[in-house]
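Here is the file coords08.txt (compact mmCIF, C-alpha atoms).
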```txt
# COMPACT_ATOMS: atom_id res chain seq x y z
CA MET W 1 115.97 264.37 -151.35
CA LYS W 2 119.49 263.22 -152.16
CA ARG W 3 120.97 261.91 -148.91
CA ILE W 4 119.36 259.95 -146.08
CA ALA W 5 120.56 258.02 -143.04
CA VAL W 6 119.43 254.92 -141.18
CA LEU W 7 120.03 253.69 -137.64
CA THR W 8 118.93 250.86 -135.37
CA SER W 9 118.29 251.53 -131.71
CA GLY W 10 117.24 249.73 -128.54
CA GLY W 11 117.08 245.95 -128.33
CA ASP W 12 118.11 244.07 -131.45
CA ALA W 13 115.56 241.95 -133.28
CA PRO W 14 115.83 239.35 -136.07
CA GLY W 15 115.02 241.10 -139.33
CA MET W 16 116.68 244.44 -138.57
CA ASN W 17 119.36 243.65 -141.14
CA SER W 18 116.67 242.90 -143.70
CA ALA W 19 115.19 246.34 -143.01
CA ILE W 20 118.60 248.05 -143.28
CA ARG W 21 119.09 246.32 -146.63
CA ALA W 22 115.65 247.42 -147.87
CA VAL W 23 116.23 251.03 -146.84
CA THR W 24 119.66 251.14 -148.45
CA ARG W 25 118.76 249.49 -151.73
CA THR W 26 115.52 251.44 -152.13
CA ALA W 27 117.38 254.70 -151.63
CA ILE W 28 120.15 253.74 -154.07
CA PHE W 29 117.52 252.64 -156.61
CA HIS W 30 116.18 256.20 -156.44
CA ASP W 31 119.66 257.74 -156.83
CA MET W 32 120.09 258.75 -153.20
CA ASP W 33 123.16 258.43 -151.00
CA VAL W 34 122.76 256.45 -147.79
CA VAL W 35 124.64 256.93 -144.52
CA GLY W 36 124.61 254.27 -141.82
CA ILE W 37 124.73 255.50 -138.23
CA ARG W 38 126.41 252.92 -136.01
CA ARG W 39 125.38 252.27 -132.39
CA GLY W 40 122.04 254.06 -132.58
CA TYR W 41 121.61 257.47 -131.00
CA GLN W 42 124.93 257.12 -129.21
CA GLY W 43 126.64 256.82 -132.57
CA LEU W 44 124.63 259.78 -133.81
CA LEU W 45 126.00 261.91 -130.97
CA ASP W 46 129.52 260.56 -131.51
CA GLY W 47 129.45 261.08 -135.29
CA ASP W 48 129.90 257.37 -135.96
CA PHE W 49 128.75 257.51 -139.58
CA SER W 50 129.52 255.16 -142.45
CA ALA W 51 128.72 255.50 -146.15
CA MET W 52 126.59 252.59 -147.36
CA ASP W 53 126.51 251.05 -150.80
CA LEU W 54 125.06 247.89 -152.34
CA GLY W 55 128.02 245.85 -151.17
CA TYR W 56 127.64 247.05 -147.58
CA VAL W 57 124.25 245.37 -147.30
CA ALA W 58 125.07 242.28 -149.35
CA ASP W 59 124.53 238.92 -147.63
CA ILE W 60 122.86 240.33 -144.52
CA VAL W 61 119.21 239.59 -145.33
CA HIS W 62 119.44 236.25 -143.48
CA ARG W 63 121.52 237.39 -140.52
CA GLY W 64 120.19 238.17 -137.06
CA GLY W 65 121.25 241.17 -135.01
CA THR W 66 122.05 244.45 -136.72
CA LYS W 67 125.08 245.27 -138.85
CA LEU W 68 124.79 248.88 -137.73
CA LEU W 69 125.04 247.79 -134.09
CA THR W 70 122.78 249.20 -131.41
CA ALA W 71 123.00 250.80 -128.00
CA ARG W 72 120.85 252.55 -125.46
CA CYS W 73 121.61 256.23 -125.02
CA ASP W 74 120.23 258.08 -122.01
CA ALA W 75 122.07 261.24 -123.11
CA PHE W 76 119.70 261.54 -126.07
CA LEU W 77 116.84 262.25 -123.66
CA GLU W 78 118.31 265.73 -123.15
CA GLU W 79 117.13 268.42 -125.56
CA LYS W 80 120.61 269.90 -125.92
CA ASN W 81 121.90 266.59 -127.24
CA GLN W 82 118.94 266.22 -129.57
CA ARG W 83 119.76 269.62 -131.04
CA ARG W 84 123.42 268.67 -131.34
CA ALA W 85 122.43 265.52 -133.22
CA ALA W 86 120.18 267.45 -135.62
CA GLU W 87 122.99 269.89 -136.32
CA SER W 88 125.42 267.04 -136.93
CA LEU W 89 123.07 265.46 -139.46
CA ALA W 90 122.60 268.79 -141.22
CA LYS W 91 126.37 269.24 -141.51
CA GLN W 92 126.56 265.83 -143.17
CA GLY W 93 123.96 266.93 -145.70
CA ILE W 94 121.49 264.33 -144.43
CA GLU W 95 117.95 265.30 -145.36
CA GLY W 96 116.01 262.41 -143.83
CA LEU W 97 116.39 259.60 -141.31
CA VAL W 98 114.94 256.11 -140.93
CA VAL W 99 114.86 254.84 -137.33
CA ILE W 100 114.43 251.09 -136.80
CA GLY W 101 113.51 250.21 -133.22
CA GLY W 102 110.86 250.31 -130.53
CA ASP W 103 109.06 252.81 -128.34
CA GLY W 104 112.17 254.48 -126.91
CA SER W 105 113.73 254.74 -130.36
CA PHE W 106 110.60 256.41 -131.69
CA ARG W 107 110.66 259.01 -128.92
CA GLY W 108 114.08 260.03 -130.17
CA ALA W 109 112.77 260.06 -133.73
CA LEU W 110 109.88 262.33 -132.77
CA ALA W 111 112.28 264.72 -131.03
CA LEU W 112 114.31 265.04 -134.26
CA ASP W 113 111.13 265.50 -136.28
CA ARG W 114 110.16 268.41 -134.05
CA LEU W 115 113.56 269.96 -134.72
CA GLY W 116 112.81 269.92 -138.43
CA LEU W 117 114.51 266.72 -139.62
CA PRO W 118 112.24 264.43 -141.66
CA VAL W 119 112.11 261.10 -139.81
CA VAL W 120 110.20 257.85 -140.41
CA GLY W 121 110.14 254.94 -137.95
CA VAL W 122 110.15 251.21 -138.66
CA PRO W 123 109.01 249.03 -135.72
CA GLY W 124 111.58 246.46 -134.67
CA THR W 125 111.16 244.66 -131.34
CA ILE W 126 110.53 241.05 -130.32
CA ASP W 127 108.04 242.29 -127.71
CA ASN W 128 105.55 243.32 -130.42
CA ASP W 129 104.29 246.03 -128.08
CA ILE W 130 104.24 248.98 -130.50
CA TYR W 131 100.78 250.51 -130.79
CA GLY W 132 99.57 251.05 -134.33
CA THR W 133 101.01 247.94 -135.97
CA ALA W 134 99.86 244.33 -135.89
CA ALA W 135 103.45 243.09 -136.02
CA SER W 136 106.94 244.42 -135.44
CA ILE W 137 110.12 243.09 -137.00
CA GLY W 138 111.56 240.25 -134.93
CA PHE W 139 108.39 239.10 -133.19
CA SER W 140 107.63 236.17 -135.49
CA THR W 141 111.16 234.79 -135.26
CA ALA W 142 111.24 235.18 -131.46
CA VAL W 143 107.94 233.30 -131.16
CA ASN W 144 109.30 230.50 -133.35
CA THR W 145 112.46 230.33 -131.24
CA SER W 146 110.35 230.05 -128.09
CA ILE W 147 108.16 227.35 -129.63
CA TRP W 148 111.31 225.47 -130.64
CA ALA W 149 112.39 225.52 -126.99
CA ILE W 150 108.96 224.44 -125.71
CA ASP W 151 108.89 221.53 -128.15
CA HIS W 152 112.33 220.35 -127.08
CA ILE W 153 111.55 220.72 -123.39
CA ARG W 154 108.27 218.85 -123.82
CA ASP W 155 110.20 215.81 -125.08
CA THR W 156 112.32 215.57 -121.95
CA ALA W 157 109.39 216.56 -119.72
CA THR W 158 107.46 213.58 -121.06
CA SER W 159 110.40 211.20 -120.79
CA HIS W 160 111.11 212.09 -117.17
CA GLN W 161 107.51 212.88 -116.11
CA ARG W 162 108.58 216.34 -115.04
CA ASN W 163 107.08 219.81 -114.90
CA PHE W 164 108.77 222.81 -116.48
CA LEU W 165 108.45 226.57 -116.21
CA ILE W 166 109.80 228.45 -119.24
CA GLU W 167 110.54 232.14 -118.76
CA VAL W 168 110.50 234.28 -121.90
CA MET W 169 111.17 237.96 -122.51
CA GLY W 170 108.46 240.52 -121.99
CA ARG W 171 109.14 243.00 -119.19
CA ASN W 172 106.02 245.07 -119.80
CA ALA W 173 104.19 243.12 -122.49
CA GLY W 174 103.02 239.52 -122.75
CA HIS W 175 102.53 239.23 -126.51
CA LEU W 176 105.53 236.93 -126.95
CA ALA W 177 104.63 234.69 -124.02
CA LEU W 178 101.00 234.42 -125.10
CA ALA W 179 101.80 233.53 -128.71
CA ALA W 180 104.44 230.99 -127.70
CA GLY W 181 102.28 229.46 -124.98
CA LEU W 182 99.23 229.09 -127.20
CA ALA W 183 101.16 227.69 -130.15
CA GLY W 184 103.32 225.51 -127.89
CA GLY W 185 100.41 223.96 -126.00
CA ALA W 186 101.35 225.22 -122.54
CA GLU W 187 99.11 224.43 -119.57
CA ALA W 188 99.28 228.04 -118.38
CA VAL W 189 100.67 231.41 -119.50
CA LEU W 190 101.44 234.13 -116.95
CA LEU W 191 101.43 237.68 -118.30
CA PRO W 192 102.14 241.11 -116.80
CA GLU W 193 98.89 242.54 -118.18
CA ILE W 194 96.55 239.98 -116.63
CA PRO W 195 96.33 239.23 -112.87
CA PHE W 196 96.61 235.54 -112.06
CA ASP W 197 95.99 233.30 -109.06
CA LEU W 198 98.70 230.69 -108.66
CA ARG W 199 96.39 228.51 -106.58
CA GLU W 200 93.89 228.34 -109.43
CA ILE W 201 96.69 227.43 -111.82
CA ALA W 202 98.01 224.81 -109.41
CA ASP W 203 94.52 223.31 -109.05
CA LYS W 204 94.18 223.11 -112.82
CA ILE W 205 97.52 221.35 -113.14
CA GLU W 206 96.65 218.95 -110.33
CA LYS W 207 93.39 218.11 -112.07
CA GLY W 208 95.41 217.15 -115.13
CA HIS W 209 97.72 214.96 -113.07
CA ARG W 210 94.75 213.15 -111.54
CA ARG W 211 93.46 212.20 -114.97
CA GLY W 212 96.82 210.82 -116.03
CA LYS W 213 98.96 213.71 -117.33
CA ILE W 214 102.59 213.06 -116.54
CA HIS W 215 104.01 216.53 -117.15
CA SER W 216 103.03 220.19 -117.50
CA ILE W 217 104.55 223.33 -118.99
CA ILE W 218 104.02 226.89 -117.79
CA VAL W 219 105.18 229.88 -119.88
CA LEU W 220 106.02 232.99 -117.87
CA ALA W 221 106.66 236.47 -119.26
CA GLU W 222 109.54 237.97 -117.29
CA GLY W 223 107.45 240.98 -116.28
CA ALA W 224 104.87 238.75 -114.58
CA GLY W 225 107.25 237.57 -111.89
CA SER W 226 110.41 235.66 -111.08
CA GLY W 227 110.54 232.15 -112.49
CA VAL W 228 112.29 230.90 -109.36
CA GLU W 229 109.68 232.42 -107.05
CA VAL W 230 106.69 231.28 -109.13
CA ALA W 231 108.03 227.73 -109.36
CA ALA W 232 108.61 227.68 -105.59
CA GLN W 233 105.07 228.88 -104.87
CA ILE W 234 103.50 226.25 -107.14
CA ARG W 235 105.69 223.59 -105.53
CA ASP W 236 104.47 224.67 -102.08
CA ILE W 237 100.86 224.32 -103.24
CA THR W 238 101.11 221.10 -105.23
CA GLY W 239 104.19 219.37 -103.90
CA HIS W 240 105.52 219.04 -107.47
CA GLU W 241 108.93 220.38 -108.49
CA TYR W 242 109.25 222.63 -111.53
CA LYS W 243 112.41 222.76 -113.60
CA ILE W 244 113.12 226.30 -114.80
CA THR W 245 114.38 227.34 -118.23
CA ASN W 246 115.09 231.03 -118.81
CA MET W 247 115.15 231.72 -122.54
CA GLY W 248 116.92 235.05 -122.13
CA HIS W 249 118.65 236.61 -125.10
CA VAL W 250 118.42 233.45 -127.19
CA GLN W 251 115.10 234.87 -128.35
CA ARG W 252 116.73 237.97 -129.83
CA GLY W 253 119.23 236.17 -132.02
CA GLY W 254 119.11 233.86 -134.98
CA SER W 255 118.24 234.08 -138.63
CA PRO W 256 114.92 235.89 -139.22
CA ASP W 257 112.06 233.76 -140.48
CA HIS W 258 110.28 234.45 -143.76
CA ARG W 259 107.62 236.70 -142.21
CA ASP W 260 110.14 238.99 -140.52
CA ARG W 261 112.14 239.23 -143.74
CA LEU W 262 109.04 240.11 -145.74
CA ILE W 263 107.71 242.79 -143.43
CA ALA W 264 111.21 244.22 -143.00
CA ALA W 265 111.58 244.52 -146.77
CA ARG W 266 108.17 246.13 -147.17
CA MET W 267 108.52 248.49 -144.21
CA GLY W 268 112.04 249.58 -145.10
CA ASN W 269 111.02 250.32 -148.66
CA ARG W 270 107.95 252.28 -147.57
CA ALA W 271 109.94 254.32 -145.06
CA VAL W 272 112.19 255.58 -147.84
CA THR W 273 109.31 256.43 -150.16
CA LEU W 274 107.65 258.40 -147.36
CA LEU W 275 110.82 260.44 -146.94
CA MET W 276 110.91 260.99 -150.70
CA GLU W 277 107.40 262.41 -150.38
CA ARG W 278 108.75 264.80 -147.71
CA LYS W 279 106.59 263.18 -145.04
CA SER W 280 107.82 262.95 -141.48
CA GLY W 281 106.94 262.02 -137.91
CA LEU W 282 105.44 258.75 -139.10
CA MET W 283 105.77 255.04 -138.40
CA VAL W 284 105.29 252.37 -141.02
CA GLY W 285 103.16 249.55 -139.62
CA ILE W 286 101.24 246.57 -140.90
CA ARG W 287 97.64 245.46 -140.61
CA GLY W 288 97.08 241.96 -141.89
CA GLU W 289 99.24 241.87 -145.01
CA THR W 290 98.80 245.56 -145.84
CA LEU W 291 101.19 248.33 -144.85
CA SER W 292 99.82 251.17 -142.76
CA VAL W 293 101.13 254.54 -141.63
CA ALA W 294 100.61 256.14 -138.23
CA ALA W 295 101.72 259.45 -136.71
CA LEU W 296 104.37 258.92 -134.02
CA LYS W 297 102.87 261.58 -131.78
CA GLU W 298 99.56 259.72 -131.79
CA ILE W 299 100.88 256.25 -130.91
CA LEU W 300 103.66 256.92 -128.41
CA GLY W 301 102.59 256.23 -124.85
CA LEU W 302 99.62 254.10 -125.89
CA LYS W 303 99.45 250.52 -124.61
CA LYS W 304 99.02 247.91 -127.30
CA PRO W 305 96.28 245.53 -126.10
CA LEU W 306 96.80 241.81 -125.87
CA PRO W 307 94.77 239.62 -128.22
CA ILE W 308 92.37 238.59 -125.45
CA GLY W 309 90.69 236.13 -127.78
CA ASP W 310 93.93 234.17 -127.92
CA TYR W 311 94.21 234.24 -124.12
CA GLU W 312 90.69 232.86 -123.73
CA LEU W 313 91.37 230.25 -126.43
CA MET W 314 94.47 229.10 -124.59
CA LYS W 315 92.44 228.52 -121.44
CA VAL W 316 89.96 226.42 -123.41
CA LEU W 317 92.61 224.31 -125.14
CA SER W 318 94.76 223.77 -122.06
CA ILE W 319 92.12 222.02 -119.92
```

Give the structure from the file, written as structure tokens.
Amino acid sequence: MKRIAVLTSGGDAPGMNSAIRAVTRTAIFHDMDVVGIRRGYQGLLDGDFSAMDLGYVADIVHRGGTKLLTARCDAFLEEKNQRRAAESLAKQGIEGLVVIGGDGSFRGALALDRLGLPVVGVPGTIDNDIYGTAASIGFSTAVNTSIWAIDHIRDTATSHQRNFLIEVMGRNAGHLALAAGLAGGAEAVLLPEIPFDLREIADKIEKGHRRGKIHSIIVLAEGAGSGVEVAAQIRDITGHEYKITNMGHVQRGGSPDHRDRLIAARMGNRAVTLLMERKSGLMVGIRGETLSVAALKEILGLKKPLPIGDYELMKVLSI
């Protein structure tokens, strides 16, 4: 294999640049040419290709976002466009592709694999909802960003004896909210995967107030409900106002922490070596501190379970 390509797709995540760097430098180390595809699958359809060298990926290991840019591309769901993309790659002499992204990105990767192009996926999403890997690139940094916000809000919550509801990302998955809530010492975490009773939560918070607590913090995953509506319902039950902070896209940006840089380096390197071995249709994952490999066709569509032990622990520690 003499020429490979790399793209980032879907939502950006801190550490994607570290993965791009690892893919590029590993390939060059093994005397391969590397092509960067800008703007994900949209760029693939538009022929937005750029030759990559060592200088192209210099000084990006610490930067958030993705130098290759990213975009969502509904057109790539159509088989005719998938075939057009595969033909375009073949004309460029590209023999393998590394796709860095989440579930939707991997569906596109699997489509190209079925058309005969060797493809390996690297999980990159702050939601950490990809089945088959304990961690995805960006999750650790996003959790740390959320904890940073909780810590800062707790200071003013204490000073003003106020209650706060912090809404974090997680439309279909509560991994980010659970990790941030447990590590940040929240009184409650509301997740899309687990039904909750706001009256029970309100009673728990009221119990804390009666014993002298002067503030409380609730962490809400966006997929579990509207922060405005949840705060209003708890106010109606308890009579206490809740200030609302929506973290939004702040969680996606920023310099990746050491863990995201490490797993990005390891995963990007392994993705290239898998292509060199002429393997395809795979995703590089991680279990503990060890890299793992899973077949894309076996993991797509599967729901990654929440660490229920952490959810139960949070309930114990937040009494």

inquiry  = Please list as a count of residues only every residue within 7 Å of region 95-103 of chain W, counting all atoms listed in the file and excluding residues in the same chain fewer than 4 positions away.
reply    = 24

key: Among listed residues W:Gly239, W:Gly301, W:Gly268, W:Gly288, nearest Asp203 (chain W) (using all atoms listed in the file)   = W:Gly239

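Each of W:Glu289, W:Glu193, W:Asp151, W:Asp236 was compared to Pro305 (chain W) using only C-alpha atoms, and W:Glu193 turns out to be the nearest.
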
ask   = Which distance in Å separates CA of Gly225 (chain W) and CA of Gly170 (chain W), to one decimal?
value =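 Answer for the CA of Gly225 (chain W) to CA of Gly170 (chain W) separation: 10.6 Å.
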
task = May I have the residues within 12 Å of Lys80 (chain W) as a PyMOL selection string, using all atoms listed in the file and disregarding those fewer than 4 positions away in the same chain?
result = chain W and resi 45+75-76+84-87+111-112+115

request  = Could you tell me which of W:Leu89, W:Met247, W:Leu190, W:Met16 comes closest to Asp48 (chain W) if we count all atoms listed in the file?
outcome  =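 Distance minimum relative to Asp48 (chain W) lands on W:Leu89.
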
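The smallest atom-to-atom distance between Val168 (chain W) and any of W:Arg63, W:Arg252, W:Arg39, W:Lys279, using only C-alpha atoms, is found for W:Arg252.
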
task = Could you give me, as a count of residues only, the residues within 12 Å of Glu200 (chain W), counting all atoms listed in the file and dropping anything in the same chain fewer than 4 positions from it?
result = 10

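The residue that comes closest to Leu198 (chain W), out of W:Asp155, W:Asp127, W:Asp31, W:Glu229 and on the basis of all atoms listed in the file, is W:Glu229.
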
query = Between W:Leu191, W:Ala71, W:Ala13, W:Leu54, which is the closest to Ile37 (chain W) once you count only C-alpha atoms?
reply = W:Ala71

task = Excluding Asp310 (chain W) and residues on its chain fewer than 2 positions from it, collect all residues at most 12 Å away from it, counting all atoms listed in the file, and give them as a ChimeraX atom specification.
result = /W:174-183,189,305-308,312-318

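When CA of Ala135 (chain W) is paired with CA of Ser292 (chain W), their separation reads 11.1 Å.
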
Computed interatomic separation between CA of Arg21 (chain W) and CA of Gly281 (chain W) (Å) = 21.7 Å

Taking every listed atom of region 57-72 of chain W and adding 8 Å to each side, what centre and edge lengths in Å (one decimal) does the axis-aligned box have, as AutoDock Vina command-line options?
```
--center_x 122.1 --center_y 244.4 --center_z -137.4 --size_x 21.9 --size_y 32.3 --size_z 39.9
```
